[in-house]
$ cat target32.pdb   # PDB, C-alpha atoms and all ligand atoms
ATOM      1  CA  MET A   1      -0.508  43.537   4.593
ATOM      2  CA  HIS A   2      -0.976  40.802   7.228
ATOM      3  CA  GLU A   3       0.255  37.217   6.709
ATOM      4  CA  PRO A   4      -2.711  34.799   6.263
ATOM      5  CA  ILE A   5      -3.509  33.045   9.545
ATOM      6  CA  PRO A   6      -2.729  29.290   9.177
ATOM      7  CA  GLU A   7      -5.741  27.048   9.640
ATOM      8  CA  PRO A   8      -5.648  25.050  12.890
ATOM      9  CA  ASP A   9      -4.647  21.397  12.426
ATOM     10  CA  ILE A  10      -7.515  18.903  12.462
ATOM     11  CA  PHE A  11      -6.845  15.411  13.872
ATOM     12  CA  ARG A  12      -8.933  12.318  13.166
ATOM     13  CA  ALA A  13      -8.749   9.125  15.166
ATOM     14  CA  VAL A  14      -7.522   5.892  13.592
ATOM     15  CA  SER A  15     -10.911   4.353  14.552
ATOM     16  CA  HIS A  16     -12.760   6.994  12.485
ATOM     17  CA  SER A  17     -11.633   5.422   9.215
ATOM     18  CA  ARG A  18     -10.999   1.782  10.186
ATOM     19  CA  THR A  19     -12.778  -0.245   7.484
ATOM     20  CA  THR A  20     -13.472  -3.938   6.850
ATOM     21  CA  LEU A  21     -14.566  -5.302   3.501
ATOM     22  CA  THR A  22     -15.842  -8.881   3.376
ATOM     23  CA  GLU A  23     -16.518 -10.804   0.198
ATOM     24  CA  LEU A  24     -17.397 -14.408  -0.649
ATOM     25  CA  MET A  25     -15.021 -15.970  -3.190
ATOM     26  CA  ILE A  26     -17.223 -17.171  -6.056
ATOM     27  CA  PRO A  27     -16.160 -19.551  -8.894
ATOM     28  CA  SER A  28     -15.793 -16.725 -11.466
ATOM     29  CA  TYR A  29     -12.907 -15.301  -9.335
ATOM     30  CA  ALA A  30     -10.828 -18.468  -9.815
ATOM     31  CA  ASN A  31      -7.797 -18.983 -12.082
ATOM     32  CA  PHE A  32      -7.085 -22.090 -14.187
ATOM     33  CA  GLY A  33      -5.687 -23.822 -11.105
ATOM     34  CA  GLY A  34      -8.976 -23.357  -9.246
ATOM     35  CA  LYS A  35      -7.535 -20.820  -6.763
ATOM     36  CA  ILE A  36      -8.563 -17.160  -6.496
ATOM     37  CA  HIS A  37      -6.787 -14.800  -8.933
ATOM     38  CA  GLY A  38      -4.221 -12.519  -7.276
ATOM     39  CA  GLY A  39      -5.757  -9.668  -9.273
ATOM     40  CA  ILE A  40      -9.144 -10.149  -7.577
ATOM     41  CA  LEU A  41      -7.508  -9.813  -4.164
ATOM     42  CA  LEU A  42      -5.503  -6.762  -5.329
ATOM     43  CA  SER A  43      -8.686  -5.120  -6.577
ATOM     44  CA  LEU A  44     -10.419  -5.728  -3.224
ATOM     45  CA  MET A  45      -7.368  -4.348  -1.400
ATOM     46  CA  ASP A  46      -7.441  -1.231  -3.568
ATOM     47  CA  LYS A  47     -11.160  -0.751  -2.798
ATOM     48  CA  VAL A  48     -10.761  -1.031   0.968
ATOM     49  CA  ALA A  49      -7.637   1.179   0.892
ATOM     50  CA  TYR A  50      -9.633   3.818  -0.983
ATOM     51  CA  ALA A  51     -12.585   3.674   1.422
ATOM     52  CA  CYS A  52     -10.309   3.914   4.465
ATOM     53  CA  ALA A  53      -8.144   6.737   3.047
ATOM     54  CA  ALA A  54     -11.120   8.754   1.748
ATOM     55  CA  LYS A  55     -12.885   8.464   5.134
ATOM     56  CA  HIS A  56      -9.824   9.838   6.892
ATOM     57  CA  ALA A  57      -9.104  12.524   4.317
ATOM     58  CA  GLY A  58     -12.707  13.552   3.712
ATOM     59  CA  ASN A  59     -11.637  13.765   0.095
ATOM     60  CA  TYR A  60     -11.141  11.701  -3.030
ATOM     61  CA  CYS A  61      -7.871   9.689  -2.847
ATOM     62  CA  VAL A  62      -5.660   7.956  -5.415
ATOM     63  CA  THR A  63      -3.354   4.975  -5.023
ATOM     64  CA  VAL A  64       0.324   5.869  -5.441
ATOM     65  CA  THR A  65       2.307   2.798  -4.362
ATOM     66  CA  VAL A  66       1.640  -0.681  -3.067
ATOM     67  CA  ASP A  67       4.146  -2.435  -0.807
ATOM     68  CA  GLY A  68       4.436  -5.829   0.763
ATOM     69  CA  VAL A  69       2.067  -7.769  -1.475
ATOM     70  CA  ASN A  70       3.062 -11.389  -0.932
ATOM     71  CA  PHE A  71       0.407 -14.028  -1.441
ATOM     72  CA  LEU A  72       1.625 -16.469   1.182
ATOM     73  CA  GLN A  73      -1.269 -18.913   0.989
ATOM     74  CA  PRO A  74      -3.760 -19.567  -1.806
ATOM     75  CA  VAL A  75      -7.364 -18.487  -1.337
ATOM     76  CA  GLU A  76     -10.003 -21.045  -2.321
ATOM     77  CA  VAL A  77     -13.414 -20.704  -3.950
ATOM     78  CA  GLY A  78     -16.086 -20.658  -1.204
ATOM     79  CA  GLU A  79     -13.880 -18.902   1.362
ATOM     80  CA  LEU A  80     -15.000 -15.665   2.972
ATOM     81  CA  VAL A  81     -12.271 -13.065   2.578
ATOM     82  CA  SER A  82     -12.092 -10.109   4.976
ATOM     83  CA  LEU A  83      -9.799  -7.157   4.384
ATOM     84  CA  MET A  84      -9.181  -5.006   7.450
ATOM     85  CA  ALA A  85      -7.789  -1.568   6.723
ATOM     86  CA  SER A  86      -6.597   1.261   8.928
ATOM     87  CA  VAL A  87      -4.578   4.423   8.441
ATOM     88  CA  ASN A  88      -1.136   3.730   9.876
ATOM     89  CA  TYR A  89       0.542   7.012   9.012
ATOM     90  CA  VAL A  90      -0.210  10.394   7.476
ATOM     91  CA  GLY A  91       2.170  12.842   5.857
ATOM     92  CA  HIS A  92       1.087  16.176   4.452
ATOM     93  CA  THR A  93      -1.110  14.942   1.569
ATOM     94  CA  SER A  94      -0.348  11.206   1.688
ATOM     95  CA  LEU A  95      -1.611   8.391   3.912
ATOM     96  CA  LEU A  96      -0.319   4.892   4.480
ATOM     97  CA  VAL A  97      -3.121   2.343   4.769
ATOM     98  CA  GLY A  98      -2.216  -1.040   6.254
ATOM     99  CA  ILE A  99      -4.419  -3.930   5.104
ATOM    100  CA  LYS A 100      -4.607  -7.348   6.746
ATOM    101  CA  VAL A 101      -6.276 -10.018   4.626
ATOM    102  CA  ILE A 102      -7.763 -13.159   6.139
ATOM    103  CA  ALA A 103      -9.715 -15.982   4.504
ATOM    104  CA  GLU A 104     -12.237 -18.083   6.417
ATOM    105  CA  ASN A 105     -13.461 -21.531   5.475
ATOM    106  CA  VAL A 106     -17.158 -21.013   6.189
ATOM    107  CA  LYS A 107     -17.827 -24.702   6.843
ATOM    108  CA  SER A 108     -14.985 -25.453   9.249
ATOM    109  CA  GLY A 109     -14.512 -21.914  10.596
ATOM    110  CA  PHE A 110     -10.744 -22.221   9.983
ATOM    111  CA  VAL A 111      -9.203 -18.785   9.414
ATOM    112  CA  LYS A 112      -5.880 -18.159   7.639
ATOM    113  CA  HIS A 113      -3.913 -14.939   7.327
ATOM    114  CA  THR A 114      -3.095 -14.570   3.640
ATOM    115  CA  ASN A 115      -1.178 -11.295   3.609
ATOM    116  CA  THR A 116      -0.588  -7.828   5.029
ATOM    117  CA  SER A 117       0.053  -5.047   2.547
ATOM    118  CA  TYR A 118       0.583  -1.300   2.621
ATOM    119  CA  PHE A 119      -1.048   1.146   0.215
ATOM    120  CA  THR A 120       0.197   4.729  -0.074
ATOM    121  CA  MET A 121      -2.706   6.979  -1.060
ATOM    122  CA  VAL A 122      -2.757  10.693  -1.826
ATOM    123  CA  ALA A 123      -5.780  12.937  -1.198
ATOM    124  CA  LYS A 124      -6.857  15.162  -4.057
ATOM    125  CA  GLY A 125      -8.855  18.387  -3.901
ATOM    126  CA  GLU A 126     -11.497  19.730  -6.284
ATOM    127  CA  ASP A 127      -8.667  21.037  -8.477
ATOM    128  CA  ASP A 128      -7.268  17.473  -8.791
ATOM    129  CA  LYS A 129      -4.112  18.540  -6.902
ATOM    130  CA  PRO A 130      -2.771  16.838  -3.757
ATOM    131  CA  THR A 131      -4.482  18.341  -0.737
ATOM    132  CA  LYS A 132      -3.695  18.330   2.991
ATOM    133  CA  VAL A 133      -5.080  15.472   5.078
ATOM    134  CA  PRO A 134      -6.045  15.677   8.771
ATOM    135  CA  GLY A 135      -3.444  14.578  11.305
ATOM    136  CA  LEU A 136      -3.793  11.183  12.941
ATOM    137  CA  LEU A 137      -5.014  10.791  16.522
ATOM    138  CA  LEU A 138      -3.225   7.703  17.859
ATOM    139  CA  GLU A 139      -5.620   6.117  20.313
ATOM    140  CA  SER A 140      -3.536   3.169  21.481
ATOM    141  CA  ALA A 141       0.036   1.929  21.854
ATOM    142  CA  GLU A 142      -0.607  -0.250  18.772
ATOM    143  CA  ASP A 143      -1.544   2.848  16.709
ATOM    144  CA  ALA A 144       1.647   4.579  17.860
ATOM    145  CA  ARG A 145       3.748   1.475  17.069
ATOM    146  CA  ARG A 146       2.289   1.328  13.531
ATOM    147  CA  PHE A 147       2.966   5.033  12.955
ATOM    148  CA  LEU A 148       6.602   4.590  14.037
ATOM    149  CA  GLU A 149       6.929   1.456  11.901
ATOM    150  CA  ALA A 150       5.602   3.408   8.880
ATOM    151  CA  LEU A 151       8.184   6.148   9.450
ATOM    152  CA  GLN A 152      10.968   3.529   9.452
ATOM    153  CA  ARG A 153       9.521   1.813   6.375
ATOM    154  CA  LYS A 154       9.413   5.156   4.504
ATOM    155  CA  GLU A 155      13.042   5.890   5.403
ATOM    156  CA  ILE A 156      14.274   2.397   4.440
ATOM    157  CA  LYS A 157      12.351   2.531   1.143
ATOM    158  CA  ALA A 158      13.741   5.957   0.218
ATOM    159  CA  ARG A 159      17.298   4.768   1.026
ATOM    160  CA  SER A 160      16.877   1.544  -0.931
ATOM    161  CA  GLU A 161      15.432   3.418  -3.944
ATOM    162  CA  ARG A 162      18.391   5.833  -3.908
ATOM    163  CA  GLU A 163      20.882   2.940  -3.690
ATOM    164  CA  PHE A 164      19.204   0.976  -6.473
ATOM    165  CA  LYS A 165      19.098   4.046  -8.749
ATOM    166  CA  GLU A 166      22.852   4.483  -8.218
ATOM    167  CA  ILE A 167      23.487   0.781  -8.931
ATOM    168  CA  LYS A 168      21.420   0.956 -12.148
ATOM    169  CA  THR A 169      23.229   4.092 -13.316
ATOM    170  CA  ASN A 170      26.684   2.613 -12.686
ATOM    171  CA  LEU A 171      26.053  -1.006 -13.689
ATOM    172  CA  GLU A 172      28.823  -1.979 -16.121
ATOM    173  CA  LEU A 173      28.175  -5.298 -17.857
ATOM    174  CA  ARG A 174      31.814  -6.350 -18.397
ATOM    175  CA  GLN A 175      32.817  -5.566 -14.813
ATOM    176  CA  ASN A 176      29.885  -7.474 -13.327
ATOM    177  CA  ILE A 177      29.598 -10.392 -15.716
ATOM    178  CA  SER A 178      31.237 -12.804 -13.227
ATOM    179  CA  ALA A 179      28.154 -12.411 -11.002
ATOM    180  CA  LEU A 180      26.259 -14.496 -13.566
ATOM    181  CA  VAL A 181      28.447 -17.549 -12.840
ATOM    182  CA  GLY A 182      26.326 -20.090 -10.966
ATOM    183  CA  GLN A 183      23.067 -18.418 -12.018
ATOM    184  CA  ARG A 184      20.540 -20.306 -14.168
ATOM    185  CA  CYS A 185      21.304 -18.375 -17.357
ATOM    186  CA  GLN A 186      23.487 -18.664 -20.474
ATOM    187  CA  LEU A 187      24.969 -15.902 -22.603
ATOM    188  CA  GLY A 188      23.437 -16.096 -26.069
ATOM    189  CA  PHE A 189      25.543 -13.257 -27.453
ATOM    190  CA  ALA A 190      29.237 -12.340 -27.721
ATOM    191  CA  LEU A 191      30.455  -9.869 -25.156
TER     192      LEU A 191
HETATM  193  C1  LIG B   1       0.292  10.665  -6.637
HETATM  194  C2  LIG B   1       0.388  11.996  -7.311
HETATM  195  C3  LIG B   1      -0.782  12.839  -6.855
HETATM  196  C4  LIG B   1       1.667  12.678  -6.834
HETATM  197  O1  LIG B   1       1.716  13.917  -7.488
HETATM  198  P1  LIG B   1       2.954  14.892  -7.307
HETATM  199  O2  LIG B   1       2.763  16.073  -8.153
HETATM  200  O3  LIG B   1       4.225  14.111  -7.391
HETATM  201  O4  LIG B   1       2.693  15.393  -5.862
HETATM  202  P2  LIG B   1       3.722  15.688  -4.697
HETATM  203  O5  LIG B   1       5.142  15.663  -5.127
HETATM  204  O6  LIG B   1       3.191  16.932  -4.042
HETATM  205  O7  LIG B   1       3.484  14.451  -3.711
HETATM  206  C5  LIG B   1       2.279  14.298  -3.035
HETATM  207  C6  LIG B   1       2.471  13.261  -1.965
HETATM  208  O8  LIG B   1       2.655  12.009  -2.600
HETATM  209  C7  LIG B   1       3.792  11.379  -2.081
HETATM  210  N1  LIG B   1       4.388  10.576  -3.133
HETATM  211  C8  LIG B   1       4.627  10.934  -4.402
HETATM  212  N2  LIG B   1       5.201   9.920  -5.056
HETATM  213  C9  LIG B   1       5.322   8.905  -4.181
HETATM  214  C10 LIG B   1       5.849   7.585  -4.237
HETATM  215  N3  LIG B   1       6.367   7.092  -5.349
HETATM  216  N4  LIG B   1       5.806   6.830  -3.133
HETATM  217  C11 LIG B   1       5.266   7.289  -1.986
HETATM  218  N5  LIG B   1       4.759   8.540  -1.855
HETATM  219  C12 LIG B   1       4.799   9.322  -2.942
HETATM  220  C13 LIG B   1       4.707  12.512  -1.658
HETATM  221  O9  LIG B   1       5.657  12.090  -0.695
HETATM  222  C14 LIG B   1       3.706  13.486  -1.100
HETATM  223  O10 LIG B   1       3.369  13.085   0.215
HETATM  224  P3  LIG B   1       3.243  14.151   1.418
HETATM  225  O11 LIG B   1       2.434  15.315   0.899
HETATM  226  O12 LIG B   1       2.517  13.412   2.494
HETATM  227  O13 LIG B   1       4.604  14.545   1.815
HETATM  228  C15 LIG B   1       0.392  11.881  -8.865
HETATM  229  O14 LIG B   1       1.569  11.209  -9.247
HETATM  230  C16 LIG B   1      -0.804  11.130  -9.413
HETATM  231  O15 LIG B   1      -1.894  11.664  -9.489
HETATM  232  N6  LIG B   1      -0.586   9.850  -9.789
HETATM  233  C17 LIG B   1      -1.649   9.030 -10.363
HETATM  234  C18 LIG B   1      -2.370   8.278  -9.258
HETATM  235  C19 LIG B   1      -3.465   7.417  -9.800
HETATM  236  O16 LIG B   1      -4.184   7.779 -10.708
HETATM  237  N7  LIG B   1      -3.591   6.232  -9.212
HETATM  238  C20 LIG B   1      -4.583   5.262  -9.627
HETATM  239  C21 LIG B   1      -3.926   4.073 -10.195
HETATM  240  S1  LIG B   1      -3.790   4.170 -11.941
END
$ encode --input "target32.pdb" --output "structure tokens"
Amino acid sequence: MHEPIPEPDIFRAVSHSRTTLTELMIPSYANFGGKIHGGILLSLMDKVAYACAAKHAGNYCVTVTVDGVNFLQPVEVGELVSLMASVNYVGHTSLLVGIKVIAENVKSGFVKHTNTSYFTMVAKGEDDKPTKVPGLLLESAEDARRFLEALQRKEIKARSEREFKEIKTNLELRQNISALVGQRCQLGFAL
């Protein structure tokens, strides 16, 4: 019997799935301090990440991990938030979507960069199992730089997760208790 012939690789350009979502920040999005809830922004980021990943994959996608979410500046009611997403990297079934979030004061036109975050998404087939995504056609030096950056990020994250797992497994309270000296905590139990 003959081996099945592998399907030829399909490549899709970064520009094919580049997506921008823009939304006006209304009063019901605000927290008790009058600023926009972080959860509202996270939900918008998840939406744009989905749209961008699904466009590239041509399939339904799920969110697996979220990295780099730091809300550096508060977003105010009345500001126009734009979330710009593009596929930075693809693996076999996973994609890394980079999202830049900006908020514009519609009256003054002042624009601030609130954060850049990275969503790892996985494409799923009809059987609900991870399915292969098209390769990425890098159309510019910037696309290539982002792909390389994503590779480095993936490697650093895997290394850091391995190291932290080892630290957690071997963490001995008595041996490490001196590290609490100078920290803002008190022992409320006898060791
Ligand atoms: C994501 C999910 C499909 C992974 O399933 P799995 O059986 O572990 O699949 P695999 O081991 O084949 O991994 C699939 C891909 O996900 C990637 N992946 C899995 N866990 C990951 C993690 N923690 N971080 C980054 N990538 C991860 C793998 O590297 C692989 O990528 P590749 O094919 O490009 O190499 C599965 O865990 C799932 O469905 N999770 C729920 C997702 C969801 O519902 N999200 C909505 C929020 S509630």
$ residues_near_ligand --input "target32.pdb" --ligand "ligand LIG 1 (chain B)" --cutoff "9 Å" --atoms "all atoms listed in the file" --output "list in words"
Cys61, Val62, Thr63, Val64, Thr65, Val66, Val90, Gly91, His92, Thr93, Ser94, Leu95, Leu96, Thr120, Met121, Val122, Ala123, Lys124, Asp128, Lys129, Pro130, Thr131, Lys132, Val133, Lys154, Lys157 and Ala158 of chain A
$ atom_distance --input "target32.pdb" --atom1 "atom CA of Val69 of chain A" --atom2 "atom CA of Lys107 of chain A"
27.4 Å
$ atom_distance --input "target32.pdb" --atom1 "atom CA of Gly135 of chain A" --atom2 "atom CA of Phe11 of chain A"
4.3 Å
$ closest_residue --input "target32.pdb" --among "A:Gln186, A:Ser108, A:Thr116, A:Asn31" --to "Asn70 of chain A" --atoms "only C-alpha atoms"
A:Thr116
$ atom_distance --input "target32.pdb" --atom1 "atom CA of Ser17 of chain A" --atom2 "atom CA of Val101 of chain A"
17.0 Å
$ residues_around --input "target32.pdb" --residues "Ala49 of chain A" --least-positions-apart "2" --cutoff "8 Å" --atoms "all atoms listed in the file" --output "list in words"
Met45, Asp46, Lys47, Ala51, Cys52, Ala53, Ala85, Val97, Gly98, Ile99, Phe119 and Met121 of chain A
$ closest_residue --input "target32.pdb" --among "A:Ser86, A:Arg145, A:Gln152, A:Cys185" --to "Thr19 of chain A" --atoms "only C-alpha atoms"
A:Ser86
$ resolve_selection --input "target32.pdb" --expression "the PyMOL selection byres (((chain A and resi 136) around 8) and not hetatm)" --output "PyMOL selection string"
chain A and resi 11-14+89-90+134-135+137-138
$ closest_residue --input "target32.pdb" --among "A:Asp67, A:Gly109, A:Asp127, A:Met25" --to "Leu80 of chain A" --atoms "all atoms listed in the file"
A:Met25
$ residues_around --input "target32.pdb" --residues "Glu76 of chain A" --least-positions-apart "4" --cutoff "8 Å" --atoms "all atoms listed in the file" --output "list in words"
Met25, Ala30, Gly34, Lys35 and Ile36 of chain A
$ write_last_selection --input "target32.pdb" --atoms "C-alpha atoms" --output "mmCIF file, in the coordinates of the input"
data_model
loop_
_atom_site.group_PDB
_atom_site.id
_atom_site.type_symbol
_atom_site.label_atom_id
_atom_site.label_comp_id
_atom_site.auth_asym_id
_atom_site.auth_seq_id
_atom_site.Cartn_x
_atom_site.Cartn_y
_atom_site.Cartn_z
ATOM 1 C CA MET A 25 -15.021 -15.970 -3.190
ATOM 2 C CA ALA A 30 -10.828 -18.468 -9.815
ATOM 3 C CA GLY A 34 -8.976 -23.357 -9.246
ATOM 4 C CA LYS A 35 -7.535 -20.820 -6.763
ATOM 5 C CA ILE A 36 -8.563 -17.160 -6.496
#
$ axis_aligned_box --input "target32.pdb" --around "segment 18-21 of chain A" --padding-each-side "4 Å" --output "JSON"
{"center_x": -12.8, "center_y": -1.8, "center_z": 6.8, "size_x": 11.6, "size_y": 15.1, "size_z": 14.7}
$ decode --input "target32.pdb" --residues "segment 40-66 of chain A" --atoms "N, CA and C atoms" --output "JSON list (two decimals), in the first residue's frame"
[["chain", "number", "residue", "atom", "x", "y", "z"],
["A", 40, "ILE", "N", -13.51, 44.54, 30.98],
["A", 40, "ILE", "CA", -14.12, 44.98, 29.70],
["A", 40, "ILE", "C", -13.06, 44.95, 28.61],
["A", 41, "LEU", "N", -11.87, 45.48, 28.97],
["A", 41, "LEU", "CA", -10.78, 45.53, 27.98],
["A", 41, "LEU", "C", -10.32, 44.11, 27.63],
["A", 42, "LEU", "N", -10.27, 43.22, 28.65],
["A", 42, "LEU", "CA", -9.86, 41.83, 28.40],
["A", 42, "LEU", "C", -10.85, 41.15, 27.46],
["A", 43, "SER", "N", -12.14, 41.43, 27.67],
["A", 43, "SER", "CA", -13.16, 40.81, 26.84],
["A", 43, "SER", "C", -13.03, 41.29, 25.38],
["A", 44, "LEU", "N", -12.76, 42.60, 25.21],
["A", 44, "LEU", "CA", -12.57, 43.12, 23.85],
["A", 44, "LEU", "C", -11.32, 42.51, 23.20],
["A", 45, "MET", "N", -10.26, 42.33, 24.03],
["A", 45, "MET", "CA", -9.03, 41.74, 23.49],
["A", 45, "MET", "C", -9.28, 40.31, 23.04],
["A", 46, "ASP", "N", -10.08, 39.58, 23.84],
["A", 46, "ASP", "CA", -10.38, 38.19, 23.50],
["A", 46, "ASP", "C", -11.18, 38.13, 22.19],
["A", 47, "LYS", "N", -12.11, 39.10, 22.02],
["A", 47, "LYS", "CA", -12.92, 39.12, 20.79],
["A", 47, "LYS", "C", -12.04, 39.36, 19.56],
["A", 48, "VAL", "N", -11.16, 40.36, 19.65],
["A", 48, "VAL", "CA", -10.36, 40.70, 18.47],
["A", 48, "VAL", "C", -9.34, 39.58, 18.20],
["A", 49, "ALA", "N", -8.84, 38.96, 19.27],
["A", 49, "ALA", "CA", -7.89, 37.84, 19.10],
["A", 49, "ALA", "C", -8.60, 36.70, 18.38],
["A", 50, "TYR", "N", -9.84, 36.44, 18.77],
["A", 50, "TYR", "CA", -10.61, 35.37, 18.12],
["A", 50, "TYR", "C", -10.81, 35.67, 16.64],
["A", 51, "ALA", "N", -11.27, 36.89, 16.35],
["A", 51, "ALA", "CA", -11.56, 37.25, 14.95],
["A", 51, "ALA", "C", -10.31, 37.11, 14.09],
["A", 52, "CYS", "N", -9.18, 37.59, 14.61],
["A", 52, "CYS", "CA", -7.92, 37.56, 13.87],
["A", 52, "CYS", "C", -7.46, 36.11, 13.66],
["A", 53, "ALA", "N", -7.49, 35.32, 14.74],
["A", 53, "ALA", "CA", -7.03, 33.92, 14.66],
["A", 53, "ALA", "C", -7.93, 33.10, 13.74],
["A", 54, "ALA", "N", -9.26, 33.29, 13.87],
["A", 54, "ALA", "CA", -10.19, 32.50, 13.06],
["A", 54, "ALA", "C", -10.08, 32.85, 11.57],
["A", 55, "LYS", "N", -9.80, 34.14, 11.29],
["A", 55, "LYS", "CA", -9.60, 34.55, 9.88],
["A", 55, "LYS", "C", -8.39, 33.83, 9.30],
["A", 56, "HIS", "N", -7.30, 33.80, 10.09],
["A", 56, "HIS", "CA", -6.10, 33.15, 9.58],
["A", 56, "HIS", "C", -6.32, 31.65, 9.42],
["A", 57, "ALA", "N", -6.91, 31.06, 10.48],
["A", 57, "ALA", "CA", -7.05, 29.59, 10.50],
["A", 57, "ALA", "C", -8.14, 29.10, 9.55],
["A", 58, "GLY", "N", -9.16, 29.94, 9.33],
["A", 58, "GLY", "CA", -10.31, 29.48, 8.56],
["A", 58, "GLY", "C", -11.08, 28.46, 9.36],
["A", 59, "ASN", "N", -10.96, 28.55, 10.66],
["A", 59, "ASN", "CA", -11.60, 27.60, 11.57],
["A", 59, "ASN", "C", -11.93, 28.30, 12.88],
["A", 60, "TYR", "N", -12.75, 27.61, 13.67],
["A", 60, "TYR", "CA", -13.05, 28.08, 15.03],
["A", 60, "TYR", "C", -11.75, 28.02, 15.84],
["A", 61, "CYS", "N", -11.53, 28.99, 16.73],
["A", 61, "CYS", "CA", -10.31, 28.99, 17.56],
["A", 61, "CYS", "C", -10.67, 29.21, 19.02],
["A", 62, "VAL", "N", -9.85, 28.67, 19.92],
["A", 62, "VAL", "CA", -10.05, 28.90, 21.36],
["A", 62, "VAL", "C", -8.83, 29.60, 21.94],
["A", 63, "THR", "N", -9.06, 30.33, 23.02],
["A", 63, "THR", "CA", -7.96, 31.02, 23.71],
["A", 63, "THR", "C", -7.29, 30.04, 24.66],
["A", 64, "VAL", "N", -5.97, 29.94, 24.59],
["A", 64, "VAL", "CA", -5.25, 29.03, 25.49],
["A", 64, "VAL", "C", -4.52, 29.80, 26.60],
["A", 65, "THR", "N", -3.71, 30.79, 26.21],
["A", 65, "THR", "CA", -3.01, 31.58, 27.23],
["A", 65, "THR", "C", -3.00, 33.06, 26.81],
["A", 66, "VAL", "N", -2.85, 33.88, 27.84],
["A", 66, "VAL", "CA", -2.78, 35.32, 27.62],
["A", 66, "VAL", "C", -1.50, 35.81, 28.32]]
